[in-house]
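Coordinates as given in query_29.csv (CSV, C-alpha atoms):
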chain,number,residue,atom,x,y,z
D,1,MET,CA,-39.7,3.7,-42.9
D,2,LEU,CA,-37.1,1.6,-41.1
D,3,LYS,CA,-34.5,4.2,-42.1
D,4,HIS,CA,-36.7,6.9,-40.5
D,5,ALA,CA,-36.9,4.9,-37.3
D,6,PHE,CA,-33.2,4.5,-37.2
D,7,ALA,CA,-32.7,8.2,-37.8
D,8,SER,CA,-35.1,9.1,-35.0
D,9,ALA,CA,-33.5,6.5,-32.7
D,10,ALA,CA,-30.1,7.9,-33.5
D,11,PHE,CA,-31.4,11.5,-32.9
D,12,GLY,CA,-32.9,10.4,-29.6
D,13,LEU,CA,-29.7,8.7,-28.5
D,14,ALA,CA,-27.7,11.8,-29.5
D,15,PHE,CA,-30.1,14.0,-27.6
D,16,LEU,CA,-29.9,11.7,-24.6
D,17,LEU,CA,-26.0,11.8,-24.7
D,18,SER,CA,-25.9,15.6,-25.2
D,19,SER,CA,-28.3,16.2,-22.4
D,20,MET,CA,-26.1,14.0,-20.2
D,21,ALA,CA,-23.2,16.3,-20.7
D,22,PHE,CA,-25.1,19.1,-19.0
D,23,ALA,CA,-25.3,18.5,-15.3
D,24,ASP,CA,-28.8,19.5,-14.4
D,25,ASP,CA,-29.8,19.5,-10.7
D,26,VAL,CA,-30.6,16.0,-9.5
D,27,LYS,CA,-33.3,15.7,-6.9
D,28,VAL,CA,-33.8,12.8,-4.5
D,29,GLY,CA,-36.2,13.2,-1.6
D,30,ASP,CA,-35.5,16.5,0.1
D,31,LEU,CA,-32.0,16.7,-1.4
D,32,THR,CA,-30.8,18.6,-4.4
D,33,ILE,CA,-27.5,17.7,-6.0
D,34,SER,CA,-26.0,20.5,-8.2
D,35,THR,CA,-22.9,21.1,-10.2
D,36,PRO,CA,-21.4,17.6,-10.0
D,37,TYR,CA,-18.0,17.2,-11.8
D,38,VAL,CA,-14.9,15.1,-11.7
D,39,ARG,CA,-11.4,16.1,-12.6
D,40,ALA,CA,-9.7,14.5,-15.5
D,41,MET,CA,-7.2,11.8,-14.3
D,42,VAL,CA,-3.5,12.0,-14.9
D,43,PRO,CA,-2.1,9.0,-16.8
D,44,GLY,CA,-0.6,6.6,-14.2
D,45,ALA,CA,-2.9,7.7,-11.5
D,46,PRO,CA,-5.8,5.3,-10.7
D,47,VAL,CA,-7.7,7.7,-8.6
D,48,GLY,CA,-10.0,10.7,-9.3
D,49,GLY,CA,-11.9,13.2,-7.1
D,50,GLY,CA,-15.6,13.9,-7.6
D,51,TYR,CA,-17.2,17.1,-6.4
D,52,MET,CA,-20.8,18.5,-6.1
D,53,THR,CA,-23.0,20.7,-3.9
D,54,ILE,CA,-25.8,18.9,-1.9
D,55,THR,CA,-28.6,20.9,-0.4
D,56,ASN,CA,-31.1,19.5,2.1
D,57,THR,CA,-34.4,21.4,1.9
D,58,GLY,CA,-36.1,19.1,4.4
D,59,ASP,CA,-36.6,19.1,8.1
D,60,THR,CA,-34.6,16.0,8.9
D,61,ASP,CA,-30.8,15.5,8.7
D,62,ASP,CA,-29.5,13.1,6.1
D,63,ARG,CA,-26.2,11.5,5.3
D,64,LEU,CA,-24.3,10.4,2.3
D,65,VAL,CA,-23.4,6.9,3.3
D,66,ALA,CA,-22.0,5.2,0.2
D,67,ALA,CA,-21.2,5.7,-3.5
D,68,SER,CA,-20.4,3.4,-6.4
D,69,SER,CA,-19.6,3.7,-10.1
D,70,PRO,CA,-19.2,1.2,-13.0
D,71,ARG,CA,-16.0,3.2,-13.8
D,72,ALA,CA,-14.4,2.5,-10.4
D,73,GLY,CA,-13.5,-0.6,-8.4
D,74,THR,CA,-14.6,1.4,-5.3
D,75,VAL,CA,-15.8,4.8,-4.5
D,76,GLN,CA,-15.1,6.3,-1.0
D,77,ILE,CA,-16.3,9.4,0.7
D,78,HIS,CA,-13.3,11.4,1.9
D,79,GLU,CA,-12.5,14.4,3.9
D,80,MET,CA,-9.3,16.2,2.9
D,81,ARG,CA,-7.9,19.0,4.9
D,82,MET,CA,-4.7,20.8,5.5
D,83,ASP,CA,-3.1,20.5,8.9
D,84,LYS,CA,-0.6,23.4,8.7
D,85,ASP,CA,1.3,22.4,5.6
D,86,ILE,CA,0.4,18.7,5.8
D,87,MET,CA,-2.3,17.2,3.6
D,88,VAL,CA,-4.5,14.9,5.6
D,89,MET,CA,-7.0,12.6,3.8
D,90,ARG,CA,-9.5,10.4,5.6
D,91,GLU,CA,-12.3,8.1,4.6
D,92,LEU,CA,-15.5,9.2,6.4
D,93,ALA,CA,-16.4,5.8,7.9
D,94,ASP,CA,-19.9,7.1,9.0
D,95,GLY,CA,-20.5,9.0,5.8
D,96,LEU,CA,-20.9,12.7,5.2
D,97,PRO,CA,-23.7,14.4,7.2
D,98,ILE,CA,-26.1,16.6,5.2
D,99,PRO,CA,-28.0,18.6,8.0
D,100,ALA,CA,-31.6,19.7,7.5
D,101,GLY,CA,-31.8,23.1,5.8
D,102,LYS,CA,-28.1,23.2,5.0
D,103,THR,CA,-25.9,23.0,1.9
D,104,VAL,CA,-22.8,20.9,1.9
D,105,GLU,CA,-20.1,21.5,-0.7
D,106,LEU,CA,-17.8,18.8,-1.9
D,107,LYS,CA,-14.9,20.7,-3.5
D,108,PRO,CA,-11.1,20.5,-4.1
D,109,GLY,CA,-9.3,20.8,-0.8
D,110,GLY,CA,-12.3,19.5,1.1
D,111,TYR,CA,-14.9,16.8,1.1
D,112,HIS,CA,-14.9,14.6,-2.1
D,113,VAL,CA,-16.0,11.3,-3.4
D,114,MET,CA,-12.9,9.4,-4.4
D,115,PHE,CA,-13.1,7.1,-7.4
D,116,MET,CA,-10.5,4.3,-6.8
D,117,LYS,CA,-9.2,1.4,-8.9
D,118,VAL,CA,-10.1,3.2,-12.1
D,119,THR,CA,-8.8,1.2,-15.1
D,120,ASP,CA,-9.9,3.6,-17.9
D,121,ARG,CA,-8.9,7.0,-16.7
D,122,PHE,CA,-11.4,9.9,-16.8
D,123,ILE,CA,-10.8,12.1,-19.9
D,124,GLU,CA,-12.0,15.7,-20.2
D,125,GLY,CA,-15.3,15.8,-22.0
D,126,GLN,CA,-16.5,12.4,-20.8
D,127,THR,CA,-19.3,11.9,-18.3
D,128,VAL,CA,-18.9,9.5,-15.4
D,129,ARG,CA,-22.0,8.0,-13.8
D,130,ALA,CA,-22.1,7.2,-10.1
D,131,THR,CA,-24.8,6.0,-7.7
D,132,LEU,CA,-25.0,7.9,-4.4
D,133,LYS,CA,-26.7,6.3,-1.5
D,134,PHE,CA,-28.2,8.5,1.2
D,135,GLU,CA,-29.4,7.3,4.6
D,136,LYS,CA,-32.9,8.7,4.3
D,137,ALA,CA,-33.4,9.9,0.7
D,138,GLY,CA,-32.2,6.6,-0.8
D,139,SER,CA,-30.1,6.0,-3.9
D,140,VAL,CA,-29.7,8.2,-6.9
D,141,ASP,CA,-27.7,8.2,-10.1
D,142,VAL,CA,-25.6,11.3,-10.8
D,143,ASP,CA,-23.7,12.1,-14.0
D,144,PHE,CA,-20.4,13.8,-13.3
D,145,PRO,CA,-19.0,15.7,-16.4
D,146,VAL,CA,-15.2,15.4,-16.6
D,147,GLY,CA,-13.4,18.8,-16.3
D,148,SER,CA,-9.8,19.6,-16.7
D,149,LEU,CA,-6.9,18.2,-14.6
D,150,ALA,CA,-7.2,21.1,-12.2
D,151,ALA,CA,-10.9,22.0,-12.7
D,152,ASN,CA,-12.3,23.7,-9.6
D,153,LYS,CA,-15.8,24.0,-10.8
D,154,GLU,CA,-18.2,22.3,-13.2
D,155,THR,CA,-17.2,22.8,-16.9
D,156,SER,CA,-14.2,24.9,-15.8
D,157,HIS,CA,-11.4,24.3,-18.2
D,158,VAL,CA,-8.8,26.5,-16.7
D,159,LYS,CA,-8.0,26.8,-13.1
F,1,MET,CA,43.6,34.7,38.6
F,2,SER,CA,42.8,38.2,39.8
F,3,ASN,CA,39.2,39.3,40.1
F,4,ARG,CA,39.8,41.7,37.1
F,5,ARG,CA,41.1,38.9,34.9
F,6,ARG,CA,38.3,36.6,35.9
F,7,PHE,CA,35.8,39.3,35.1
F,8,ALA,CA,37.4,39.9,31.6
F,9,ALA,CA,37.3,36.1,30.9
F,10,MET,CA,33.6,36.0,31.9
F,11,ALA,CA,32.8,39.0,29.7
F,12,VAL,CA,34.5,37.4,26.7
F,13,ALA,CA,32.6,34.1,27.3
F,14,LEU,CA,29.3,36.0,27.6
F,15,THR,CA,30.0,38.0,24.4
F,16,LEU,CA,30.7,34.7,22.5
F,17,ILE,CA,27.5,33.1,23.8
F,18,VAL,CA,25.3,36.1,23.0
F,19,GLY,CA,27.0,36.5,19.6
F,20,ALA,CA,26.5,32.9,18.7
F,21,GLY,CA,22.9,33.1,19.7
F,22,ALA,CA,22.4,36.2,17.6
F,23,ILE,CA,23.9,34.6,14.5
F,24,GLY,CA,21.9,31.5,15.0
F,25,TYR,CA,18.7,33.6,15.5
F,26,ALA,CA,19.5,35.7,12.4
F,27,THR,CA,20.0,32.5,10.4
F,28,PHE,CA,16.7,31.2,11.7
F,29,LEU,CA,14.9,34.4,10.7
F,30,ARG,CA,16.2,34.2,7.2
F,31,MET,CA,14.4,30.8,6.9
F,32,PRO,CA,11.1,31.5,8.7
F,33,GLN,CA,9.4,28.5,7.3
F,34,VAL,CA,12.0,26.0,8.2
F,35,ARG,CA,11.0,24.1,11.3
F,36,ALA,CA,14.4,23.4,12.5
F,37,ALA,CA,17.7,25.0,12.0
F,38,GLY,CA,20.7,23.2,10.5
F,39,SER,CA,21.5,21.8,7.1
F,40,LEU,CA,18.8,19.9,5.4
F,41,GLY,CA,19.0,17.2,2.8
F,42,ALA,CA,20.7,13.8,2.9
F,43,ALA,CA,22.5,11.4,0.6
F,44,PHE,CA,20.3,9.0,-1.4
F,45,THR,CA,20.4,6.8,-4.4
F,46,LEU,CA,17.0,6.7,-6.1
F,47,THR,CA,15.7,6.2,-9.7
F,48,ASP,CA,14.3,8.9,-11.9
F,49,ASP,CA,11.2,8.5,-14.1
F,50,ARG,CA,13.4,7.4,-17.0
F,51,GLY,CA,14.8,4.6,-15.0
F,52,GLN,CA,18.2,6.3,-14.5
F,53,PRO,CA,19.9,6.4,-11.0
F,54,ILE,CA,19.7,9.8,-9.3
F,55,THR,CA,21.4,11.0,-6.2
F,56,GLU,CA,21.3,14.1,-3.9
F,57,LYS,CA,23.8,15.7,-6.4
F,58,ALA,CA,20.8,16.4,-8.6
F,59,LEU,CA,20.0,19.1,-6.1
F,60,SER,CA,23.2,21.1,-6.5
F,61,GLY,CA,24.7,23.4,-9.1
F,62,HIS,CA,21.3,24.9,-10.0
F,63,PRO,CA,18.2,26.1,-8.1
F,64,SER,CA,15.4,23.5,-7.7
F,65,LEU,CA,11.7,23.2,-6.9
F,66,VAL,CA,11.3,20.1,-4.8
F,67,TYR,CA,7.9,18.5,-4.1
F,68,PHE,CA,7.0,15.3,-2.3
F,69,GLY,CA,3.7,13.6,-3.2
F,70,TYR,CA,2.3,10.5,-4.7
F,71,THR,CA,0.2,9.4,-7.7
F,72,HIS,CA,-2.7,8.0,-5.7
F,73,CYS,CA,-3.5,11.5,-4.6
F,74,PRO,CA,-6.7,12.9,-6.2
F,75,ASP,CA,-6.3,16.6,-5.3
F,76,VAL,CA,-3.2,18.2,-3.8
F,77,CYS,CA,-0.6,16.5,-6.0
F,78,PRO,CA,-2.1,17.0,-9.4
F,79,THR,CA,-3.0,20.6,-8.4
F,80,THR,CA,0.5,21.3,-7.3
F,81,LEU,CA,2.2,19.8,-10.3
F,82,TYR,CA,-0.2,21.7,-12.5
F,83,ASP,CA,0.8,24.9,-10.7
F,84,MET,CA,4.5,24.1,-11.0
F,85,ALA,CA,4.1,23.5,-14.7
F,86,GLY,CA,2.3,26.9,-14.9
F,87,TRP,CA,5.1,28.7,-13.0
F,88,LEU,CA,7.8,27.2,-15.3
F,89,LYS,CA,5.9,28.2,-18.4
F,90,THR,CA,5.3,31.7,-17.1
F,91,LEU,CA,8.9,32.2,-16.2
F,92,GLY,CA,10.0,30.9,-19.6
F,93,PRO,CA,13.7,31.2,-20.4
F,94,GLU,CA,14.3,33.1,-17.1
F,95,ALA,CA,13.8,29.7,-15.4
F,96,ASP,CA,16.0,27.7,-17.7
F,97,ARG,CA,18.4,26.8,-14.9
F,98,LEU,CA,15.7,25.9,-12.6
F,99,LYS,CA,15.0,22.2,-12.2
F,100,ALA,CA,11.8,20.6,-10.7
F,101,TYR,CA,11.6,17.3,-8.9
F,102,PHE,CA,8.6,15.3,-7.8
F,103,PHE,CA,9.7,12.7,-5.1
F,104,SER,CA,7.2,9.9,-4.4
F,105,VAL,CA,6.3,9.4,-0.7
F,106,ASP,CA,4.7,6.1,-1.9
F,107,PRO,CA,7.6,4.4,-3.8
F,108,GLU,CA,6.0,1.0,-3.2
F,109,ARG,CA,3.2,1.8,-5.7
F,110,ASP,CA,4.9,4.5,-7.8
F,111,THR,CA,7.2,2.8,-10.3
F,112,PRO,CA,9.4,4.9,-12.6
F,113,GLU,CA,7.0,4.2,-15.4
F,114,ILE,CA,4.0,5.4,-13.4
F,115,MET,CA,6.0,8.5,-12.3
F,116,HIS,CA,7.0,9.2,-15.9
F,117,SER,CA,3.5,9.2,-17.3
F,118,TYR,CA,2.2,11.1,-14.3
F,119,ALA,CA,4.8,13.9,-14.3
F,120,GLY,CA,5.1,14.0,-18.1
F,121,ASN,CA,1.4,14.8,-18.3
F,122,PHE,CA,2.0,18.3,-16.8
F,123,THR,CA,5.3,19.2,-18.4
F,124,ASP,CA,8.5,17.6,-19.5
F,125,ARG,CA,10.4,19.7,-17.0
F,126,ILE,CA,9.4,17.9,-13.8
F,127,THR,CA,11.5,14.9,-13.0
F,128,GLY,CA,9.8,12.1,-11.1
F,129,ILE,CA,11.8,10.3,-8.5
F,130,THR,CA,11.1,7.0,-6.8
F,131,GLY,CA,13.1,3.9,-5.7
F,132,SER,CA,13.4,1.7,-2.6
F,133,SER,CA,11.4,2.7,0.5
F,134,GLU,CA,14.7,2.8,2.5
F,135,GLU,CA,16.4,5.2,0.2
F,136,MET,CA,13.3,7.4,-0.1
F,137,GLN,CA,13.1,7.6,3.7
F,138,LYS,CA,16.6,9.2,3.6
F,139,ALA,CA,15.3,11.9,1.3
F,140,ILE,CA,12.0,12.3,3.3
F,141,LYS,CA,13.8,12.6,6.6
F,142,GLY,CA,16.7,14.7,5.2
F,143,TRP,CA,14.3,17.3,4.0
F,144,ARG,CA,12.1,17.1,7.1
F,145,ILE,CA,9.1,16.1,5.1
F,146,TYR,CA,6.1,14.6,6.9
F,147,ALA,CA,4.8,11.4,5.2
F,148,LYS,CA,2.6,8.8,6.9
F,149,LYS,CA,0.8,5.8,5.6
F,150,VAL,CA,-2.8,5.7,6.7
F,151,PRO,CA,-4.6,2.3,6.2
F,152,THR,CA,-8.1,2.4,4.7
F,153,PRO,CA,-10.8,-0.1,5.7
F,154,ASP,CA,-10.7,-1.8,2.3
F,155,GLY,CA,-7.1,-2.9,2.9
F,156,GLY,CA,-5.6,0.0,0.9
F,157,TYR,CA,-3.9,3.1,2.2
F,158,THR,CA,-3.6,6.8,1.6
F,159,MET,CA,-0.6,9.0,2.5
F,160,ASP,CA,-0.7,12.1,4.6
F,161,HIS,CA,2.2,14.3,3.5
F,162,THR,CA,3.7,17.8,3.5
F,163,ALA,CA,2.0,19.7,0.7
F,164,SER,CA,4.5,22.6,0.3
F,165,VAL,CA,7.0,23.0,-2.5
F,166,LEU,CA,10.6,23.5,-1.3
F,167,LEU,CA,12.8,26.2,-2.8
F,168,VAL,CA,16.3,24.8,-2.9
F,169,ASP,CA,19.3,26.9,-4.0
F,170,ALA,CA,22.3,25.9,-6.0
F,171,GLY,CA,24.2,24.9,-2.9
F,172,GLY,CA,21.4,22.5,-1.9
F,173,ASN,CA,20.1,24.8,0.9
F,174,LEU,CA,16.5,25.3,1.6
F,175,ARG,CA,15.6,29.0,1.0
F,176,GLY,CA,11.9,28.9,1.5
F,177,THR,CA,8.7,27.1,0.6
F,178,ILE,CA,5.6,27.7,-1.5
F,179,ALA,CA,2.4,26.7,0.4
F,180,TYR,CA,-0.4,24.6,-1.2
F,181,GLN,CA,-2.5,26.9,-3.5
F,182,GLU,CA,-0.3,29.9,-2.7
F,183,ASN,CA,-1.2,33.0,-4.7
F,184,ALA,CA,0.5,32.6,-8.2
F,185,ASP,CA,2.1,36.1,-8.0
F,186,VAL,CA,3.6,35.4,-4.6
F,187,ALA,CA,4.8,32.0,-5.8
F,188,LEU,CA,6.4,33.5,-8.9
F,189,ARG,CA,8.1,36.2,-6.8
F,190,LYS,CA,9.5,33.6,-4.5
F,191,ILE,CA,10.9,31.6,-7.4
F,192,LYS,CA,12.4,34.8,-8.9
F,193,ASN,CA,14.1,35.6,-5.6
F,194,LEU,CA,15.5,32.1,-5.6
F,195,LEU,CA,16.9,32.6,-9.1
F,196,GLN,CA,18.5,35.9,-8.1
F,197,GLN,CA,20.3,34.4,-5.1
F,198,GLU,CA,23.1,33.0,-7.2

So, in terms of structure tokens, how does the structure I just supplied come out?
Amino acid sequence: MLKHAFASAAFGLAFLLSSMAFADDVKVGDLTISTPYVRAMVPGAPVGGGYMTITNTGDTDDRLVAASSPRAGTVQIHEMRMDKDIMVMRELADGLPIPAGKTVELKPGGYHVMFMKVTDRFIEGQTVRATLKFEKAGSVDVDFPVGSLAANKETSHVK
Amino acid sequence: MSNRRRFAAMAVALTLIVGAGAIGYATFLRMPQVRAAGSLGAAFTLTDDRGQPITEKALSGHPSLVYFGYTHCPDVCPTTLYDMAGWLKTLGPEADRLKAYFFSVDPERDTPEIMHSYAGNFTDRITGITGSSEEMQKAIKGWRIYAKKVPTPDGGYTMDHTASVLLVDAGGNLRGTIAYQENADVALRKIKNLLQQE
């Protein structure tokens, strides 16, 4: 009996873990967050970029204002762009606007959430949980599967 | 001086000026992506990722790929080093003489140990280079790299920096650049051209 309970608990846990590896769309208020992923981190580098697509199906503008993760000392919302051949990276102090009826893509070479002060580096195959805080929709937990070093989309193992 | 001789002297002077201009312009055209004419590079004494001293002499006697970046860079630098490792692998023995260098624009935080584990994760063919800020500034200025520390509100900082890979020939001259995320075929052709220039 007890054995059976352990077995089903183990099965349940395994199911929970395996379902975490698939990044289903996450909904919060009028927002849908799809294809979240982070890149594997290079040994020696304490930072990692997180990417996702956020769609606002509502009638009011929203804004990603903050992010945090148990895996990182701080998580910032960044804009990265190329100014001719110079890489420019800035923290978005007022957050990232998610306009009503629009889809905003966080992707390599553009907007990203930056995990900083990471002590245990992200390794391909893991899942990193982060809490995103939106101005109107509120807070939501999102699981970011870890892709390859140069992943450019969810579960992409080659660039 | 007669009028005729004065005219001849002026003609010679004019020819020299125009000629020098044409040579200068032709040189400029051969290096379309170089922002300023003149020789690039500077003397420096830095440290490689194995803790050994390294100077500007590392950039002569063989062609080189030269990249300036830093390890606190979540996107452009790992992507570029990943690409560089891919080019070297694709070229195989053809690129045996080619050396690849990853200079840190953030030597304050990038110790040789950090550079070693970072670069070594992509390939054992990229040599990480760091050292004192003063010496690194010589390399940064010498190669006309843009690198600027930008403070973040939490007291940290990020670095804006040139994201192109420099193609340097055996004489230590800049022969071109590979832009961030340039098409792999174009990048490989540029490297092959560099290898054939000897």

Pull the closest atom pair for each residue of chain D that gets at most 10 Å from chain F, along with the distance in Å to one decimal, counting all atoms listed in the file, ordering rows by chain and then ascending residue number, as a Markdown table.
| residue | atom | partner | partner_atom | distance |
| --- | --- | --- | --- | --- |
| D:Arg39 | CA | F:Pro74 | CA | 8.6 |
| D:Ala40 | CA | F:Pro74 | CA | 9.9 |
| D:Met41 | CA | F:Pro74 | CA | 8.2 |
| D:Val42 | CA | F:Tyr118 | CA | 5.8 |
| D:Pro43 | CA | F:Tyr118 | CA | 5.4 |
| D:Gly44 | CA | F:Ile114 | CA | 4.8 |
| D:Ala45 | CA | F:Thr71 | CA | 5.2 |
| D:Pro46 | CA | F:His72 | CA | 6.5 |
| D:Val47 | CA | F:His72 | CA | 5.8 |
| D:Gly48 | CA | F:Pro74 | CA | 5.0 |
| D:Gly49 | CA | F:Pro74 | CA | 5.3 |
| D:Gly50 | CA | F:Pro74 | CA | 9.1 |
| D:Thr74 | CA | F:Asp154 | CA | 9.1 |
| D:Gln76 | CA | F:Asp154 | CA | 9.8 |
| D:Met80 | CA | F:Asp75 | CA | 8.7 |
| D:Arg81 | CA | F:Val76 | CA | 9.9 |
| D:Met82 | CA | F:Ala163 | CA | 8.3 |
| D:Asp83 | CA | F:Thr162 | CA | 9.1 |
| D:Lys84 | CA | F:Thr162 | CA | 8.8 |
| D:Asp85 | CA | F:Thr162 | CA | 5.6 |
| D:Ile86 | CA | F:Thr162 | CA | 4.1 |
| D:Met87 | CA | F:His161 | CA | 5.4 |
| D:Val88 | CA | F:Asp160 | CA | 4.8 |
| D:Met89 | CA | F:Asp160 | CA | 6.4 |
| D:Arg90 | CA | F:Thr158 | CA | 8.0 |
| D:Glu91 | CA | F:Thr152 | CA | 7.1 |
| D:Ala93 | CA | F:Pro153 | CA | 8.4 |
| D:Lys107 | CA | F:Asp75 | CA | 9.7 |
| D:Pro108 | CA | F:Asp75 | CA | 6.3 |
| D:Gly109 | CA | F:Asp75 | CA | 6.8 |
| D:Gly110 | CA | F:Asp75 | CA | 9.2 |
| D:His112 | CA | F:Pro74 | CA | 9.3 |
| D:Val113 | CA | F:Pro74 | CA | 9.8 |
| D:Met114 | CA | F:Pro74 | CA | 7.3 |
| D:Phe115 | CA | F:Pro74 | CA | 8.7 |
| D:Met116 | CA | F:His72 | CA | 8.7 |
| D:Lys117 | CA | F:His72 | CA | 9.8 |
| D:Leu149 | CA | F:Pro78 | CA | 7.2 |
| D:Ala150 | CA | F:Thr79 | CA | 5.7 |
| D:Ala151 | CA | F:Thr79 | CA | 9.1 |
| D:Asn152 | CA | F:Thr79 | CA | 9.9 |
| D:Lys159 | CA | F:Thr79 | CA | 9.2 |

Give me a file of those residues, with C-alpha atoms, as a PDB file, in the coordinates of the input.
ATOM      1  CA  ARG D  39     -11.400  16.100 -12.600  1.00  0.00           C
ATOM      2  CA  ALA D  40      -9.700  14.500 -15.500  1.00  0.00           C
ATOM      3  CA  MET D  41      -7.200  11.800 -14.300  1.00  0.00           C
ATOM      4  CA  VAL D  42      -3.500  12.000 -14.900  1.00  0.00           C
ATOM      5  CA  PRO D  43      -2.100   9.000 -16.800  1.00  0.00           C
ATOM      6  CA  GLY D  44      -0.600   6.600 -14.200  1.00  0.00           C
ATOM      7  CA  ALA D  45      -2.900   7.700 -11.500  1.00  0.00           C
ATOM      8  CA  PRO D  46      -5.800   5.300 -10.700  1.00  0.00           C
ATOM      9  CA  VAL D  47      -7.700   7.700  -8.600  1.00  0.00           C
ATOM     10  CA  GLY D  48     -10.000  10.700  -9.300  1.00  0.00           C
ATOM     11  CA  GLY D  49     -11.900  13.200  -7.100  1.00  0.00           C
ATOM     12  CA  GLY D  50     -15.600  13.900  -7.600  1.00  0.00           C
ATOM     13  CA  THR D  74     -14.600   1.400  -5.300  1.00  0.00           C
ATOM     14  CA  GLN D  76     -15.100   6.300  -1.000  1.00  0.00           C
ATOM     15  CA  MET D  80      -9.300  16.200   2.900  1.00  0.00           C
ATOM     16  CA  ARG D  81      -7.900  19.000   4.900  1.00  0.00           C
ATOM     17  CA  MET D  82      -4.700  20.800   5.500  1.00  0.00           C
ATOM     18  CA  ASP D  83      -3.100  20.500   8.900  1.00  0.00           C
ATOM     19  CA  LYS D  84      -0.600  23.400   8.700  1.00  0.00           C
ATOM     20  CA  ASP D  85       1.300  22.400   5.600  1.00  0.00           C
ATOM     21  CA  ILE D  86       0.400  18.700   5.800  1.00  0.00           C
ATOM     22  CA  MET D  87      -2.300  17.200   3.600  1.00  0.00           C
ATOM     23  CA  VAL D  88      -4.500  14.900   5.600  1.00  0.00           C
ATOM     24  CA  MET D  89      -7.000  12.600   3.800  1.00  0.00           C
ATOM     25  CA  ARG D  90      -9.500  10.400   5.600  1.00  0.00           C
ATOM     26  CA  GLU D  91     -12.300   8.100   4.600  1.00  0.00           C
ATOM     27  CA  ALA D  93     -16.400   5.800   7.900  1.00  0.00           C
ATOM     28  CA  LYS D 107     -14.900  20.700  -3.500  1.00  0.00           C
ATOM     29  CA  PRO D 108     -11.100  20.500  -4.100  1.00  0.00           C
ATOM     30  CA  GLY D 109      -9.300  20.800  -0.800  1.00  0.00           C
ATOM     31  CA  GLY D 110     -12.300  19.500   1.100  1.00  0.00           C
ATOM     32  CA  HIS D 112     -14.900  14.600  -2.100  1.00  0.00           C
ATOM     33  CA  VAL D 113     -16.000  11.300  -3.400  1.00  0.00           C
ATOM     34  CA  MET D 114     -12.900   9.400  -4.400  1.00  0.00           C
ATOM     35  CA  PHE D 115     -13.100   7.100  -7.400  1.00  0.00           C
ATOM     36  CA  MET D 116     -10.500   4.300  -6.800  1.00  0.00           C
ATOM     37  CA  LYS D 117      -9.200   1.400  -8.900  1.00  0.00           C
ATOM     38  CA  LEU D 149      -6.900  18.200 -14.600  1.00  0.00           C
ATOM     39  CA  ALA D 150      -7.200  21.100 -12.200  1.00  0.00           C
ATOM     40  CA  ALA D 151     -10.900  22.000 -12.700  1.00  0.00           C
ATOM     41  CA  ASN D 152     -12.300  23.700  -9.600  1.00  0.00           C
ATOM     42  CA  LYS D 159      -8.000  26.800 -13.100  1.00  0.00           C
TER      43      LYS D 159
END

Could you list as a ChimeraX atom specification every residue that has an atom within 9 Å of (13.6, 17.9, -5.4), using the file's coordinates and counting only C-alpha atoms? /F:56,58-59,64-68,99-103,127-129,165-168

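A straight line drawn from atom CA of Ile77 of chain D to atom CA of Val118 of chain D is 15.5 Å long.
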
Select from segment 48-135 of chain D every residue with an atom at most 8 Å from any atom of segment 26-38 of chain D, then for each give the shortest pair of atoms and their distance in Å to one decimal, using only C-alpha atoms, rows by chain and rising number, as a Markdown table.
| residue | atom | partner | partner_atom | distance |
| --- | --- | --- | --- | --- |
| D:Gly48 | CA | D:Val38 | CA | 7.0 |
| D:Gly49 | CA | D:Val38 | CA | 5.8 |
| D:Gly50 | CA | D:Val38 | CA | 4.3 |
| D:Tyr51 | CA | D:Tyr37 | CA | 5.5 |
| D:Met52 | CA | D:Pro36 | CA | 4.0 |
| D:Thr53 | CA | D:Ser34 | CA | 5.2 |
| D:Ile54 | CA | D:Ile33 | CA | 4.6 |
| D:Thr55 | CA | D:Thr32 | CA | 5.1 |
| D:Asn56 | CA | D:Leu31 | CA | 4.6 |
| D:Thr57 | CA | D:Asp30 | CA | 5.3 |
| D:Gly58 | CA | D:Asp30 | CA | 5.1 |
| D:Val128 | CA | D:Val38 | CA | 7.8 |

Output C-alpha atoms of each residue in that selection to a file, as a PDB file, keeping the file's coordinate frame.
ATOM      1  CA  GLY D  48     -10.000  10.700  -9.300  1.00  0.00           C
ATOM      2  CA  GLY D  49     -11.900  13.200  -7.100  1.00  0.00           C
ATOM      3  CA  GLY D  50     -15.600  13.900  -7.600  1.00  0.00           C
ATOM      4  CA  TYR D  51     -17.200  17.100  -6.400  1.00  0.00           C
ATOM      5  CA  MET D  52     -20.800  18.500  -6.100  1.00  0.00           C
ATOM      6  CA  THR D  53     -23.000  20.700  -3.900  1.00  0.00           C
ATOM      7  CA  ILE D  54     -25.800  18.900  -1.900  1.00  0.00           C
ATOM      8  CA  THR D  55     -28.600  20.900  -0.400  1.00  0.00           C
ATOM      9  CA  ASN D  56     -31.100  19.500   2.100  1.00  0.00           C
ATOM     10  CA  THR D  57     -34.400  21.400   1.900  1.00  0.00           C
ATOM     11  CA  GLY D  58     -36.100  19.100   4.400  1.00  0.00           C
ATOM     12  CA  VAL D 128     -18.900   9.500 -15.400  1.00  0.00           C
TER      13      VAL D 128
END

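Atom pair atom CA of Ala42 of chain F / atom CA of Ser132 of chain F has a distance of 15.2 Å (rounded to one decimal).
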
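Put simply, atom CA of Leu132 of chain D is 6.7 Å away from atom CA of Ser68 of chain D.
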
Test item: residues at most 8 Å from Asp62 of chain D, only C-alpha atoms, excluding those fewer than 5 positions along its chain, as a PyMOL selection string: chain D and resi 56+97-100+134-137

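Residues in contact range of Lys190 of chain F, defined as at most 10 Å between all atoms listed in the file, with sequence neighbours fewer than 3 positions away removed, read Leu167, Arg175, Gly176, Thr177, Ile178, Ala184, Asp185, Val186, Ala187, Asn193, Leu194, Leu195 and Gln196 of chain F.
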